[in-house]
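Chemist: Pasting a structure here, questions to come.
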Amino acid sequence: GEGRSGINSRFRAWEAFNKVEAHDLHYITEPITLDAQKLYTSILHYGLSPSMIIIDTLSSTIEGDENLPHDMATYLQQMTYLSEACSAAVCTIHHPGWTTDTRPRGASNLAPTIDTLILAKSNGERRGILKCQKQKEGEHFDDIYYRLQDVDIGEKKPAVTIIPDINSNGKVSIQLENELLTSLNGKQLTAVELQNTVPEMSRATFYRRLRELIKEGAIQRGETGRYSLSSEESQA
């Protein structure tokens, strides 16, 4: 997969920072085209029982063209076969669209077929956010903020791992909440109109915070289904 030259140092950085030893991690560093049956045969040969298989990336392992629905369907069938044969979750890393990050790049039959779609997006300054764009079973999870952390592993330069970014989570949430409340100043908006004022906030986070703001008395829902600031908030 991509970035294979630094995979050992990244594993070591993760272990060093979390003060744990990772077990049963196996990876292929040579470029491959995904052949689920061949890969499953190798897994059996080495006596492995994976709980998760990560493929990095879709575009570098697909046989054919990621923009063609037929080739993408074949690739998705390979993923399904691998998941069912190994009783494991199969995750493939892919890039967002060329002009938008609301959908994956390539053929349109990718997003409707998979169970879960997560967008990893940079916030700048070595920080990022994980946004749940699809969850076939269950509710979307709230946004997860992370940052890159340098870790000394005894080499010439530090390696990098990813850790939760608690401070960023709080700052971003407060900023977006203020934008949400400001958008209601003197207005009555539907839930969709209100959500569109804070596009950086995921759908799950938006509706969770909307319920909390109603419970706190900052926002009220009228008989027409539109939302507005409560009288106390409007006068403040």
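Within each chain, counting starts at residue 1; across the structure tokens, chains are named A, B, ... in the order shown, with ligands numbered 1 upward in that order.
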Skipping near chain neighbours, those fewer than 3 positions away, what residues fall within 7 Å of range 39-52 of chain A using only C-alpha atoms, listed as a VMD selection string?

Modeler: chain A and resid 35 to 36 82 86 88 to 90

Chemist: Print the selection's residues with all heavy atoms to a file, as an mmCIF file, in the first residue's frame.

Modeler:
data_model
loop_
_atom_site.group_PDB
_atom_site.id
_atom_site.type_symbol
_atom_site.label_atom_id
_atom_site.label_comp_id
_atom_site.auth_asym_id
_atom_site.auth_seq_id
_atom_site.Cartn_x
_atom_site.Cartn_y
_atom_site.Cartn_z
ATOM 1 N N ASP A 35 -6.825 -9.948 -5.159
ATOM 2 C CA ASP A 35 -7.361 -11.248 -5.569
ATOM 3 C C ASP A 35 -7.798 -11.932 -4.282
ATOM 4 O O ASP A 35 -6.974 -12.521 -3.571
ATOM 5 C CB ASP A 35 -6.303 -12.062 -6.311
ATOM 6 C CG ASP A 35 -6.844 -13.387 -6.838
ATOM 7 O OD1 ASP A 35 -7.754 -13.951 -6.202
ATOM 8 O OD2 ASP A 35 -6.352 -13.856 -7.869
ATOM 9 N N ALA A 36 -9.082 -11.811 -3.949
ATOM 10 C CA ALA A 36 -9.578 -12.251 -2.651
ATOM 11 C C ALA A 36 -9.323 -13.736 -2.402
ATOM 12 O O ALA A 36 -8.929 -14.136 -1.300
ATOM 13 C CB ALA A 36 -11.062 -11.939 -2.526
ATOM 14 N N LEU A 82 -13.865 -11.760 0.808
ATOM 15 C CA LEU A 82 -12.809 -11.776 1.820
ATOM 16 C C LEU A 82 -13.390 -11.627 3.225
ATOM 17 O O LEU A 82 -12.976 -12.320 4.164
ATOM 18 C CB LEU A 82 -11.830 -10.641 1.536
ATOM 19 C CG LEU A 82 -10.423 -10.729 2.121
ATOM 20 C CD1 LEU A 82 -9.736 -12.010 1.702
ATOM 21 C CD2 LEU A 82 -9.616 -9.506 1.702
ATOM 22 N N CYS A 86 -13.215 -14.853 5.851
ATOM 23 C CA CYS A 86 -12.367 -14.684 7.035
ATOM 24 C C CYS A 86 -13.166 -14.292 8.279
ATOM 25 O O CYS A 86 -12.587 -14.201 9.367
ATOM 26 C CB CYS A 86 -11.310 -13.617 6.771
ATOM 27 S SG CYS A 86 -10.156 -14.008 5.457
ATOM 28 N N ALA A 88 -14.233 -11.391 8.940
ATOM 29 C CA ALA A 88 -13.497 -10.201 9.359
ATOM 30 C C ALA A 88 -14.072 -8.955 8.694
ATOM 31 O O ALA A 88 -14.696 -9.023 7.631
ATOM 32 C CB ALA A 88 -12.020 -10.338 8.979
ATOM 33 N N ALA A 89 -13.858 -7.812 9.339
ATOM 34 C CA ALA A 89 -14.196 -6.535 8.711
ATOM 35 C C ALA A 89 -13.130 -6.212 7.684
ATOM 36 O O ALA A 89 -11.940 -6.438 7.914
ATOM 37 C CB ALA A 89 -14.254 -5.436 9.773
ATOM 38 N N VAL A 90 -13.552 -5.710 6.539
ATOM 39 C CA VAL A 90 -12.616 -5.334 5.484
ATOM 40 C C VAL A 90 -12.753 -3.835 5.240
ATOM 41 O O VAL A 90 -13.836 -3.339 4.932
ATOM 42 C CB VAL A 90 -12.877 -6.113 4.183
ATOM 43 C CG1 VAL A 90 -11.930 -5.635 3.090
ATOM 44 C CG2 VAL A 90 -12.704 -7.606 4.413
#

Chemist: Among the residues of range 86-233 of chain A, find those DSSP assigns to alpha helix (DSSP H) from the backbone and print them as an MDAnalysis selection string.

Modeler: chainID A and resid 86 110:113 166:183 191:195 203:216 231:233

Chemist: Between CA of Ala204 in chain A and CA of Ser83 in chain A, what distance in Å does the model show, to one decimal?

Modeler: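 Computing the Euclidean distance for CA of Ala204 in chain A and CA of Ser83 in chain A yields 27.2 Å.
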
Chemist: Would you kindly return, as a PyMOL selection string, each protein, DNA or RNA residue with an atom no farther than 10 Å from any atom of range 211-216 of chain A, considering only C-alpha atoms and excluding same-chain residues fewer than 2 positions away?

Modeler: chain A and resi 177+181+206-209+218-221+227-230

Chemist: Go ahead and save the residues from that selection, with C-alpha atoms, as an mmCIF file, in the first residue's frame.

Modeler:
data_model
loop_
_atom_site.group_PDB
_atom_site.id
_atom_site.type_symbol
_atom_site.label_atom_id
_atom_site.label_comp_id
_atom_site.auth_asym_id
_atom_site.auth_seq_id
_atom_site.Cartn_x
_atom_site.Cartn_y
_atom_site.Cartn_z
ATOM 1 C CA GLU A 177 -22.358 26.051 18.028
ATOM 2 C CA LEU A 181 -27.074 30.079 17.163
ATOM 3 C CA PHE A 206 -25.783 18.362 14.546
ATOM 4 C CA TYR A 207 -28.946 16.534 15.608
ATOM 5 C CA ARG A 208 -27.466 15.513 18.950
ATOM 6 C CA ARG A 209 -26.482 19.117 19.719
ATOM 7 C CA ALA A 218 -31.553 27.998 23.899
ATOM 8 C CA ILE A 219 -33.604 26.916 20.867
ATOM 9 C CA GLN A 220 -37.302 26.217 20.476
ATOM 10 C CA ARG A 221 -39.257 24.289 17.865
ATOM 11 C CA TYR A 227 -36.586 26.325 14.819
ATOM 12 C CA SER A 228 -35.866 29.710 16.385
ATOM 13 C CA LEU A 229 -34.049 31.164 19.341
ATOM 14 C CA SER A 230 -35.954 31.066 22.592
#

Chemist: List every residue of range 109-152 of chain A that DSSP, applied to the backbone, labels as strand (DSSP E or B), and write the result as a list in words.

Modeler: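 Listing strand (DSSP E or B) positions across range 109-152 of chain A yields Thr116, Leu117, Ile118, Leu119, Ala120, Lys121, Ser122, Asn123, Gly124, Arg127, Gly128, Ile129, Leu130, Lys131, Cys132, Gln133, Lys134, Gln135, Ile144, Tyr145, Tyr146, Arg147, Leu148, Gln149, Asp150 and Val151 of chain A.
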
Chemist: Using only C-alpha atoms, which of A:Leu180, A:Arg126, A:Lys136, A:Thr61 sits nearest Val160 in chain A?

Modeler: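 Closest to Val160 in chain A, using only C-alpha atoms: A:Arg126.
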
Chemist: What's around Gly225 in chain A at 12 Å? Count only C-alpha atoms, leave out sequence neighbours fewer than 6 positions away in its own chain, and write the answer as number ranges by chain.

Modeler: A: 188-194

Chemist: Using only C-alpha atoms, which protein or nucleic acid residues come within 7 Å of Tyr146 in chain A? Drop anything in the same chain fewer than 5 positions from it, and give the result as a VMD selection string.

Modeler: chain A and resid 127 to 129 162 to 165

Chemist: Excluding same-chain residues fewer than 6 positions from range 12-27 of chain A, what lies within 6 Å of it counting only C-alpha atoms, as a ChimeraX atom specification?

Modeler: /A:151,159,161

Chemist: For those residues, write N, CA and C atoms to a file as a PDB file, in the first residue's frame.

Modeler:
ATOM      1  N   VAL A 151       6.915  11.027  18.007  1.00  0.00           N
ATOM      2  CA  VAL A 151       7.299  10.092  19.055  1.00  0.00           C
ATOM      3  C   VAL A 151       8.759   9.674  18.825  1.00  0.00           C
ATOM      4  N   ALA A 159       9.280   9.441  14.815  1.00  0.00           N
ATOM      5  CA  ALA A 159       8.205   8.886  14.000  1.00  0.00           C
ATOM      6  C   ALA A 159       6.897   9.563  14.401  1.00  0.00           C
ATOM      7  N   THR A 161       2.610   9.288  15.097  1.00  0.00           N
ATOM      8  CA  THR A 161       1.408   8.499  15.317  1.00  0.00           C
ATOM      9  C   THR A 161       0.226   9.447  15.452  1.00  0.00           C
TER      10      THR A 161
END

Chemist: Report, in Å with one decimal, the straight-line distance from CA of Pro199 in chain A to CA of Thr92 in chain A.

Modeler: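 The value is 25.5 Å.
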
Chemist: Could you please determine the separation between CA of Ile93 in chain A and CA of Glu125 in chain A in Å, to one decimal place?

Modeler: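 Interatomic distance here is 22.5 Å.
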
Chemist: Range 121-124 of chain A: which residues within 10 Å, counting only C-alpha atoms, same-chain residues fewer than 4 positions away excluded, as a list of chain:residue names?

Modeler: A:Pro96, A:Asp101, A:Gly128, A:Ile129, A:Leu130, A:Lys131, A:Tyr145, A:Tyr146, A:Arg147, A:Ser168
